[in-house]
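What follows is the content of work-v8.pdb (PDB, C-alpha atoms).
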ATOM      1  CA  MET S 205       0.000   0.000   0.000
ATOM      2  CA  ILE S 206       1.106   3.535  -0.797
ATOM      3  CA  ILE S 207       0.428   6.367   1.672
ATOM      4  CA  TYR S 208       0.446  10.074   0.870
ATOM      5  CA  LEU S 209       0.864  12.285   3.943
ATOM      6  CA  LEU S 210       0.329  15.881   2.816
ATOM      7  CA  ARG S 211       0.312  19.306   4.431
ATOM      8  CA  HIS S 212      -2.328  21.990   3.864
ATOM      9  CA  GLY S 213      -1.670  25.017   1.656
ATOM     10  CA  THR S 214      -0.538  28.458   2.760
ATOM     11  CA  THR S 215      -2.565  30.657   5.118
ATOM     12  CA  ILE S 216      -1.987  34.245   6.174
ATOM     13  CA  TYR S 217      -0.777  32.864   9.513
ATOM     14  CA  ASN S 218       1.914  30.903   7.660
ATOM     15  CA  VAL S 219       3.045  34.072   5.898
ATOM     16  CA  GLU S 220       3.113  36.031   9.169
ATOM     17  CA  LYS S 221       4.777  33.068  10.972
ATOM     18  CA  ARG S 222       2.016  32.897  13.564
ATOM     19  CA  TYR S 223       1.210  29.803  15.558
ATOM     20  CA  GLN S 224      -2.032  28.502  14.026
ATOM     21  CA  GLY S 225      -2.536  25.401  16.084
ATOM     22  CA  GLN S 226      -6.224  24.618  16.355
ATOM     23  CA  ARG S 227      -7.475  27.997  15.192
ATOM     24  CA  ASP S 228      -9.641  27.455  12.134
ATOM     25  CA  ILE S 229      -7.668  29.614   9.705
ATOM     26  CA  PRO S 230      -8.592  29.364   5.997
ATOM     27  CA  LEU S 231      -6.178  29.285   3.099
ATOM     28  CA  SER S 232      -5.153  32.729   1.909
ATOM     29  CA  ASP S 233      -6.203  33.759  -1.603
ATOM     30  CA  ALA S 234      -2.587  33.410  -2.713
ATOM     31  CA  GLY S 235      -2.268  30.053  -0.983
ATOM     32  CA  ARG S 236      -5.384  28.751  -2.664
ATOM     33  CA  ALA S 237      -4.220  29.963  -6.088
ATOM     34  CA  GLN S 238      -0.829  28.312  -5.638
ATOM     35  CA  ILE S 239      -2.127  24.760  -5.120
ATOM     36  CA  CYS S 240      -2.523  22.472  -8.116
ATOM     37  CA  PRO S 241      -4.383  19.170  -8.451
ATOM     38  CA  ALA S 242      -2.390  16.105  -7.470
ATOM     39  CA  ASP S 243      -0.893  13.893 -10.171
ATOM     40  CA  PHE S 244      -2.981  10.923  -9.038
ATOM     41  CA  THR S 245      -6.593  10.352  -8.020
ATOM     42  CA  THR S 246      -8.257   8.920  -4.937
ATOM     43  CA  ASP S 247     -11.850   8.194  -4.005
ATOM     44  CA  VAL S 248     -11.328   9.132  -0.334
ATOM     45  CA  VAL S 249      -9.081  11.647   1.393
ATOM     46  CA  TYR S 250      -8.774  11.946   5.172
ATOM     47  CA  VAL S 251      -8.587  15.478   6.576
ATOM     48  CA  SER S 252      -8.564  17.224   9.938
ATOM     49  CA  PRO S 253     -11.552  19.243  11.220
ATOM     50  CA  LEU S 254      -9.760  22.502  10.325
ATOM     51  CA  MET S 255     -10.853  24.155   7.108
ATOM     52  CA  ARG S 256      -7.364  24.696   5.717
ATOM     53  CA  THR S 257      -6.943  20.938   5.257
ATOM     54  CA  GLN S 258     -10.368  20.543   3.702
ATOM     55  CA  GLN S 259      -9.856  23.459   1.302
ATOM     56  CA  THR S 260      -6.505  22.002   0.261
ATOM     57  CA  ALA S 261      -7.954  18.532  -0.289
ATOM     58  CA  GLN S 262     -10.763  19.991  -2.400
ATOM     59  CA  ILE S 263      -8.241  21.508  -4.810
ATOM     60  CA  MET S 264      -5.834  18.552  -4.882
ATOM     61  CA  PHE S 265      -8.560  15.885  -5.118
ATOM     62  CA  PRO S 266     -11.753  17.569  -6.351
ATOM     63  CA  GLN S 267     -13.646  14.302  -6.907
ATOM     64  CA  ALA S 268     -12.737  12.651  -3.607
ATOM     65  CA  LYS S 269     -14.975  12.156  -0.602
ATOM     66  CA  GLN S 270     -13.505  13.857   2.469
ATOM     67  CA  ILE S 271     -13.578  12.069   5.809
ATOM     68  CA  VAL S 272     -12.802  14.182   8.877
ATOM     69  CA  VAL S 273     -10.601  12.630  11.572
ATOM     70  CA  ASP S 274     -10.610  14.817  14.670
ATOM     71  CA  ASP S 275      -7.301  13.629  16.093
ATOM     72  CA  LEU S 276      -5.365  14.554  12.942
ATOM     73  CA  LYS S 277      -5.718  18.226  13.882
ATOM     74  CA  GLU S 278      -2.677  20.351  14.667
ATOM     75  CA  MET S 279      -1.122  20.730  18.096
ATOM     76  CA  ASN S 280      -2.930  23.007  20.535
ATOM     77  CA  PHE S 281      -0.460  25.837  21.187
ATOM     78  CA  GLY S 282      -2.676  27.367  23.862
ATOM     79  CA  SER S 283      -1.965  31.032  24.592
ATOM     80  CA  PHE S 284       0.695  31.135  21.857
ATOM     81  CA  GLU S 285      -1.897  30.731  19.100
ATOM     82  CA  GLY S 286      -2.422  33.763  16.923
ATOM     83  CA  ARG S 287       0.976  35.224  17.889
ATOM     84  CA  ASN S 288       4.432  35.021  16.342
ATOM     85  CA  TYR S 289       7.894  34.889  17.873
ATOM     86  CA  ILE S 290       8.467  38.606  17.427
ATOM     87  CA  GLU S 291       5.374  39.393  19.489
ATOM     88  CA  MET S 292       6.463  36.933  22.178
ATOM     89  CA  GLU S 293      10.189  37.659  22.378
ATOM     90  CA  HIS S 294       9.762  38.988  25.941
ATOM     91  CA  ASP S 295       7.070  36.528  27.071
ATOM     92  CA  PRO S 296       8.609  34.391  29.854
ATOM     93  CA  ASP S 297       6.267  31.466  29.160
ATOM     94  CA  TYR S 298       7.236  31.425  25.498
ATOM     95  CA  LEU S 299      10.955  31.796  26.226
ATOM     96  CA  ALA S 300      10.810  28.906  28.693
ATOM     97  CA  TRP S 301       8.977  26.748  26.159
ATOM     98  CA  VAL S 302      11.542  27.461  23.439
ATOM     99  CA  GLN S 303      14.367  26.801  25.916
ATOM    100  CA  SER S 304      12.864  23.358  26.546
ATOM    101  CA  ASN S 305      13.055  22.616  22.787
ATOM    102  CA  CYS S 306       9.264  23.008  22.827
ATOM    103  CA  GLU S 307       8.874  19.881  24.961
ATOM    104  CA  THR S 308       7.042  21.426  27.925
ATOM    105  CA  PRO S 309       3.280  22.094  27.782
ATOM    106  CA  CYS S 310       2.093  25.265  26.080
ATOM    107  CA  PRO S 311       0.089  27.378  28.576
ATOM    108  CA  ASP S 312      -3.526  26.235  28.181
ATOM    109  CA  GLY S 313      -2.390  23.912  25.369
ATOM    110  CA  GLU S 314      -0.793  20.546  24.694
ATOM    111  CA  ARG S 315       2.584  19.041  25.428
ATOM    112  CA  LYS S 316       4.348  17.866  22.243
ATOM    113  CA  GLU S 317       4.512  14.331  23.590
ATOM    114  CA  GLN S 318       0.726  14.262  24.070
ATOM    115  CA  PHE S 319       0.157  15.709  20.617
ATOM    116  CA  SER S 320       2.438  13.136  18.977
ATOM    117  CA  GLU S 321       0.699  10.284  20.770
ATOM    118  CA  ARG S 322      -2.726  11.577  19.696
ATOM    119  CA  THR S 323      -1.879  12.015  16.030
ATOM    120  CA  CYS S 324       0.171   8.838  15.691
ATOM    121  CA  LYS S 325      -2.634   6.756  17.202
ATOM    122  CA  ALA S 326      -5.163   8.263  14.766
ATOM    123  CA  PHE S 327      -2.795   7.718  11.841
ATOM    124  CA  ALA S 328      -2.073   4.092  12.786
ATOM    125  CA  GLN S 329      -5.792   3.369  13.002
ATOM    126  CA  LEU S 330      -6.276   4.707   9.464
ATOM    127  CA  VAL S 331      -3.454   2.545   8.129
ATOM    128  CA  ASP S 332      -4.761  -0.561   9.884
ATOM    129  CA  ARG S 333      -8.257   0.077   8.538
ATOM    130  CA  ALA S 334      -6.959   0.601   5.004
ATOM    131  CA  PHE S 335      -5.184  -2.768   5.146
ATOM    132  CA  ALA S 336      -8.289  -4.443   6.565
ATOM    133  CA  GLU S 337     -10.337  -3.037   3.675
ATOM    134  CA  GLY S 338      -7.784  -4.200   1.117
ATOM    135  CA  ARG S 339      -6.946  -0.707  -0.088
ATOM    136  CA  SER S 340      -3.846  -0.041  -2.153
ATOM    137  CA  GLN S 341      -3.663   3.659  -1.290
ATOM    138  CA  LEU S 342      -4.264   5.960   1.686
ATOM    139  CA  VAL S 343      -4.324   9.754   1.316
ATOM    140  CA  ILE S 344      -4.195  12.178   4.245
ATOM    141  CA  VAL S 345      -4.163  15.990   4.141
ATOM    142  CA  ALA S 346      -3.331  17.377   7.562
ATOM    143  CA  HIS S 347      -0.778  19.688   9.200
ATOM    144  CA  GLY S 348       2.951  20.235   9.542
ATOM    145  CA  GLY S 349       2.822  18.995  13.119
ATOM    146  CA  THR S 350       0.920  15.878  12.081
ATOM    147  CA  GLN S 351       3.585  15.115   9.484
ATOM    148  CA  MET S 352       6.413  15.638  11.948
ATOM    149  CA  ALA S 353       4.888  13.389  14.608
ATOM    150  CA  VAL S 354       4.017  10.570  12.219
ATOM    151  CA  MET S 355       7.254  10.646  10.274
ATOM    152  CA  GLU S 356       9.431  10.778  13.392
ATOM    153  CA  ARG S 357       7.708   7.702  14.806
ATOM    154  CA  PHE S 358       7.187   5.529  11.733
ATOM    155  CA  ALA S 359       9.384   6.632   8.805
ATOM    156  CA  ILE S 360      12.523   5.010   7.455
ATOM    157  CA  PRO S 361      15.069   6.559   7.291
ATOM    158  CA  HIS S 362      14.665   7.851  10.827
ATOM    159  CA  TYR S 363      15.047  11.574  11.547
ATOM    160  CA  GLU S 364      13.945  13.681  14.483
ATOM    161  CA  TYR S 365      10.645  15.568  14.639
ATOM    162  CA  TYR S 366      11.548  18.942  13.136
ATOM    163  CA  HIS S 367      13.278  17.425  10.103
ATOM    164  CA  TRP S 368       9.913  16.336   8.737
ATOM    165  CA  CYS S 369       7.963  19.593   8.354
ATOM    166  CA  ALA S 370       7.229  19.744   4.635
ATOM    167  CA  PRO S 371       6.433  22.942   2.725
ATOM    168  CA  ASN S 372       2.806  23.979   2.441
ATOM    169  CA  ALA S 373       0.967  21.738  -0.054
ATOM    170  CA  GLY S 374       3.873  19.294   0.111
ATOM    171  CA  GLY S 375       4.527  16.026   1.821
ATOM    172  CA  TYR S 376       5.584  12.423   1.568
ATOM    173  CA  LYS S 377       4.885   9.323  -0.506
ATOM    174  CA  LEU S 378       5.417   6.253   1.665
ATOM    175  CA  ASP S 379       5.606   2.507   1.081
ATOM    176  CA  ALA S 380       3.630   0.666   3.774
ATOM    177  CA  SER S 381       4.653  -2.879   2.786
ATOM    178  CA  ARG S 382       6.420  -3.418   6.147
ATOM    179  CA  TRP S 383       3.671  -1.885   8.275
ATOM    180  CA  GLN S 384       2.036  -5.127   9.342
ATOM    181  CA  GLN S 385       5.423  -6.589  10.328
ATOM    182  CA  ASP S 386       7.029  -3.736  12.258
ATOM    183  CA  HIS S 387       4.922  -0.561  11.893
ATOM    184  CA  THR S 388       7.480   1.205   9.718
ATOM    185  CA  LEU S 389       6.969   3.188   6.518
ATOM    186  CA  THR S 390       9.641   3.557   3.863
ATOM    187  CA  LEU S 391      10.006   7.008   2.343
ATOM    188  CA  LEU S 392       9.730   6.777  -1.441
ATOM    189  CA  GLU S 393       9.829  10.459  -2.346
ATOM    190  CA  THR S 394       8.807  13.947  -1.335
ATOM    191  CA  VAL S 395       5.937  15.487  -3.286
ATOM    192  CA  GLN S 396       4.828  19.068  -3.862
ATOM    193  CA  TYR S 397       1.486  20.172  -5.324
ATOM    194  CA  THR S 398       2.046  23.838  -6.113
ATOM    195  CA  LYS S 399       2.150  25.561  -9.458
ATOM    196  CA  GLU S 400       5.449  26.584 -10.996
ATOM    197  CA  PRO S 401       6.048  30.326 -10.500
ATOM    198  CA  ARG S 402       5.678  32.360 -13.650
ATOM    199  CA  ALA S 403       8.891  33.544 -15.240
TER     200      ALA S 403
END
Go through the file and emit its structure as structure tokens.
Amino acid sequence: MIIYLLRHGTTIYNVEKRYQGQRDIPLSDAGRAQICPADFTTDVVYVSPLMRTQQTAQIMFPQAKQIVVDDLKEMNFGSFEGRNYIEMEHDPDYLAWVQSNCETPCPDGERKEQFSERTCKAFAQLVDRAFAEGRSQLVIVAHGGTQMAVMERFAIPHYEYYHWCAPNAGGYKLDASRWQQDHTLTLLETVQYTKEPRA
């Protein structure tokens, strides 16, 4: 089975480098215009409850049925959401969080470890179900954090969490042939579904 694990397109929060987390931020007009249809088709695409994943999936896979999986949603950054690092450069809570390599809980939000456990469990359930249904392909459009958590835990070759944040509207094509033996996924290639910039 082949798995595509894709990230949503660009939002204004991405451009302004704000923590989006679980805020329901739509794609920007420019972000929407930049996405192109994928070079393959699927009948079903799994998305998070946040509209930026659903809008992205609609453009990449216009004929596909979307199925919302709540636990694929991005990490809850608590009081950091809606703000960027410039606005928080003197915030002691933010500075302490960064100093911890972002491992401690965000105020009123999640701890990275909890987030990774949540998303990886949801992802593994989708893979197991796809195998049980005899599917040859699984397509997920989610978030940068979702990609990082899943790829850190399951991907071969192994890299740490932050290595795996793909560009907006980009992601990974994975071979799941070893999944039922050892819950690993082999990286086949990176993919990117944005239009070439005009010369």
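The spacing separating CA of Asn372 (chain S) from CA of Gly348 (chain S) amounts to 8.0 Å.
You can rank S:Ile239, S:Arg222, S:Pro371, S:Val273 by their closest distance to Glu291 (chain S) using all atoms listed in the file, and at the top of that list sits S:Arg222.
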Inset, instruction - Could you tell me which residues the PyMOL selection byres ((chain S and resi 209-218) around 7) grabs in this file, written as a PyMOL selection string? - result: chain S and resi 207-208+219-222+224+229-232+235-236+239+256-257+260+343-348+351+370+372-377
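CA of Asp275 (chain S) is positioned 26.8 Å from CA of Asp233 (chain S).
The spacing separating CA of Asp297 (chain S) from CA of Pro311 (chain S) amounts to 7.4 Å.
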Legend entry - Residues selected by the PyMOL selection byres ((chain S and resi 366) around 9), written as a list in words: Gly349, Met352, Ala353, Glu356, Tyr363, Glu364, Tyr365, His367, Trp368 and Cys369 of chain S
Inset, instruction - Run the PyMOL selection byres ((chain S and resi 361) around 10) on the file and write out the hits as number ranges by chain. - result: S: 355-356, 358-360, 362-363, 388-391
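Closest approach to Glu307 (chain S) among S:Thr394, S:Ser320, S:Gln262, S:Gln270: S:Ser320, based on only C-alpha atoms.
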Inset, instruction - Would you please work out which residue, of S:Ser304, S:Ser252, S:Gln385, S:Gln226, is nearest to Gly286 (chain S) when using all atoms listed in the file? - result: S:Gln226
Padding 4 Å on every side, please: axis-aligned box over the listed atoms of region 367-379 of chain S, centre and edge lengths to one decimal in Å, as lines of an AutoDock Vina configuration file.
center_x = 7.1
center_y = 13.2
center_z = 4.8
size_x = 20.3
size_y = 29.5
size_z = 18.6
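With only C-alpha atoms as the atoms that count, the minimum distance from Lys316 (chain S) to the choices S:Ile271, S:Leu392, S:Met279, S:Val248 is reached by S:Met279.
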Inset, instruction - Using all atoms listed in the file, pick whichever of S:Arg227, S:Arg322, S:Arg315, S:His294 has the shortest atom-to-atom distance to Asp274 (chain S). - result: S:Arg322
Legend entry - Spatial neighbours of Leu330 (chain S), max dist 9 Å, only C-alpha atoms, sep filter under 5 positions, as number ranges by chain: S: 250, 325, 335, 342
Inset, instruction - Identify which of the residues S:Glu337, S:Asp247, S:Ile290, S:His387 lies closest to Gln267 (chain S), counting all atoms listed in the file when measuring atom-to-atom distances. - result: S:Asp247
Legend entry - Polymer residues at most 9 Å from Cys310 (chain S), only C-alpha atoms, same-chain spacing of 2 or more positions, as number ranges by chain: S: 280-284, 297-298, 301, 306-308, 312-316
Pull region 350-363 of chain S out of the block and emit all heavy atoms, as an mmCIF file, in the first residue's frame.
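Listed below is the output, selection-v9.cif:
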data_model
loop_
_atom_site.group_PDB
_atom_site.id
_atom_site.type_symbol
_atom_site.label_atom_id
_atom_site.label_comp_id
_atom_site.auth_asym_id
_atom_site.auth_seq_id
_atom_site.Cartn_x
_atom_site.Cartn_y
_atom_site.Cartn_z
ATOM 1 N N THR S 350 1.337 17.258 12.304
ATOM 2 C CA THR S 350 0.920 15.878 12.081
ATOM 3 C C THR S 350 1.990 15.118 11.309
ATOM 4 O O THR S 350 2.348 13.986 11.656
ATOM 5 C CB THR S 350 -0.413 15.846 11.308
ATOM 6 O OG1 THR S 350 -1.338 16.758 11.896
ATOM 7 C CG2 THR S 350 -1.005 14.448 11.306
ATOM 8 N N GLN S 351 2.507 15.739 10.256
ATOM 9 C CA GLN S 351 3.585 15.115 9.484
ATOM 10 C C GLN S 351 4.795 14.824 10.366
ATOM 11 O O GLN S 351 5.358 13.723 10.323
ATOM 12 C CB GLN S 351 4.026 16.041 8.351
ATOM 13 C CG GLN S 351 3.053 16.157 7.207
ATOM 14 C CD GLN S 351 3.562 17.114 6.152
ATOM 15 O OE1 GLN S 351 4.204 18.119 6.463
ATOM 16 N NE2 GLN S 351 3.288 16.812 4.896
ATOM 17 N N MET S 352 5.207 15.798 11.144
ATOM 18 C CA MET S 352 6.413 15.638 11.948
ATOM 19 C C MET S 352 6.260 14.506 12.952
ATOM 20 O O MET S 352 7.173 13.678 13.130
ATOM 21 C CB MET S 352 6.763 16.951 12.646
ATOM 22 C CG MET S 352 7.189 18.045 11.685
ATOM 23 S SD MET S 352 7.840 19.534 12.490
ATOM 24 C CE MET S 352 6.359 20.259 13.169
ATOM 25 N N ALA S 353 5.116 14.437 13.613
ATOM 26 C CA ALA S 353 4.888 13.389 14.608
ATOM 27 C C ALA S 353 4.888 12.010 13.962
ATOM 28 O O ALA S 353 5.544 11.077 14.445
ATOM 29 C CB ALA S 353 3.567 13.645 15.335
ATOM 30 N N VAL S 354 4.145 11.866 12.881
ATOM 31 C CA VAL S 354 4.017 10.570 12.219
ATOM 32 C C VAL S 354 5.344 10.123 11.614
ATOM 33 O O VAL S 354 5.760 8.960 11.781
ATOM 34 C CB VAL S 354 2.923 10.640 11.133
ATOM 35 C CG1 VAL S 354 2.983 9.424 10.202
ATOM 36 C CG2 VAL S 354 1.544 10.746 11.778
ATOM 37 N N MET S 355 6.011 11.027 10.941
ATOM 38 C CA MET S 355 7.254 10.646 10.274
ATOM 39 C C MET S 355 8.351 10.321 11.290
ATOM 40 O O MET S 355 9.140 9.395 11.090
ATOM 41 C CB MET S 355 7.695 11.745 9.321
ATOM 42 C CG MET S 355 6.734 11.986 8.162
ATOM 43 S SD MET S 355 6.571 10.587 7.025
ATOM 44 C CE MET S 355 8.152 10.693 6.163
ATOM 45 N N GLU S 356 8.426 11.082 12.372
ATOM 46 C CA GLU S 356 9.431 10.778 13.392
ATOM 47 C C GLU S 356 9.220 9.373 13.957
ATOM 48 O O GLU S 356 10.188 8.635 14.174
ATOM 49 C CB GLU S 356 9.369 11.795 14.530
ATOM 50 C CG GLU S 356 10.394 11.501 15.633
ATOM 51 C CD GLU S 356 10.288 12.443 16.822
ATOM 52 O OE1 GLU S 356 9.157 12.685 17.294
ATOM 53 O OE2 GLU S 356 11.333 12.935 17.259
ATOM 54 N N ARG S 357 7.973 8.988 14.167
ATOM 55 C CA ARG S 357 7.708 7.702 14.806
ATOM 56 C C ARG S 357 7.818 6.522 13.843
ATOM 57 O O ARG S 357 8.327 5.462 14.225
ATOM 58 C CB ARG S 357 6.323 7.698 15.444
ATOM 59 C CG ARG S 357 6.006 6.361 16.131
ATOM 60 C CD ARG S 357 4.825 6.434 17.058
ATOM 61 N NE ARG S 357 4.992 7.430 18.109
ATOM 62 C CZ ARG S 357 4.151 7.575 19.120
ATOM 63 N NH1 ARG S 357 3.095 6.770 19.224
ATOM 64 N NH2 ARG S 357 4.341 8.504 20.029
ATOM 65 N N PHE S 358 7.349 6.694 12.606
ATOM 66 C CA PHE S 358 7.187 5.529 11.733
ATOM 67 C C PHE S 358 8.111 5.481 10.512
ATOM 68 O O PHE S 358 8.251 4.411 9.913
ATOM 69 C CB PHE S 358 5.734 5.454 11.247
ATOM 70 C CG PHE S 358 4.709 5.334 12.333
ATOM 71 C CD1 PHE S 358 3.699 6.282 12.462
ATOM 72 C CD2 PHE S 358 4.737 4.274 13.228
ATOM 73 C CE1 PHE S 358 2.731 6.171 13.450
ATOM 74 C CE2 PHE S 358 3.781 4.151 14.230
ATOM 75 C CZ PHE S 358 2.777 5.103 14.341
ATOM 76 N N ALA S 359 8.704 6.591 10.103
ATOM 77 C CA ALA S 359 9.384 6.632 8.805
ATOM 78 C C ALA S 359 10.793 6.047 8.853
ATOM 79 O O ALA S 359 11.514 6.173 9.829
ATOM 80 C CB ALA S 359 9.441 8.066 8.291
ATOM 81 N N ILE S 360 11.154 5.426 7.735
ATOM 82 C CA ILE S 360 12.523 5.010 7.455
ATOM 83 C C ILE S 360 12.951 5.736 6.181
ATOM 84 O O ILE S 360 12.246 5.660 5.174
ATOM 85 C CB ILE S 360 12.610 3.489 7.252
ATOM 86 C CG1 ILE S 360 12.219 2.744 8.527
ATOM 87 C CG2 ILE S 360 14.011 3.080 6.819
ATOM 88 C CD1 ILE S 360 12.141 1.245 8.348
ATOM 89 N N PRO S 361 14.099 6.452 6.198
ATOM 90 C CA PRO S 361 15.069 6.559 7.291
ATOM 91 C C PRO S 361 14.524 7.382 8.467
ATOM 92 O O PRO S 361 13.597 8.167 8.309
ATOM 93 C CB PRO S 361 16.250 7.277 6.634
ATOM 94 C CG PRO S 361 15.631 8.081 5.531
ATOM 95 C CD PRO S 361 14.502 7.257 5.018
ATOM 96 N N HIS S 362 15.134 7.174 9.618
ATOM 97 C CA HIS S 362 14.665 7.851 10.827
ATOM 98 C C HIS S 362 15.360 9.211 10.983
ATOM 99 O O HIS S 362 16.575 9.304 10.891
ATOM 100 C CB HIS S 362 14.949 7.011 12.067
ATOM 101 C CG HIS S 362 14.518 7.692 13.333
ATOM 102 N ND1 HIS S 362 13.200 7.755 13.723
ATOM 103 C CD2 HIS S 362 15.218 8.373 14.273
ATOM 104 C CE1 HIS S 362 13.104 8.433 14.847
ATOM 105 N NE2 HIS S 362 14.306 8.823 15.205
ATOM 106 N N TYR S 363 14.543 10.243 11.200
ATOM 107 C CA TYR S 363 15.047 11.574 11.547
ATOM 108 C C TYR S 363 14.183 12.115 12.677
ATOM 109 O O TYR S 363 13.056 11.657 12.888
ATOM 110 C CB TYR S 363 14.984 12.537 10.357
ATOM 111 C CG TYR S 363 15.925 12.202 9.244
ATOM 112 C CD1 TYR S 363 15.468 11.575 8.089
ATOM 113 C CD2 TYR S 363 17.282 12.514 9.338
ATOM 114 C CE1 TYR S 363 16.330 11.273 7.053
ATOM 115 C CE2 TYR S 363 18.158 12.214 8.298
ATOM 116 C CZ TYR S 363 17.671 11.585 7.171
ATOM 117 O OH TYR S 363 18.535 11.276 6.145
#
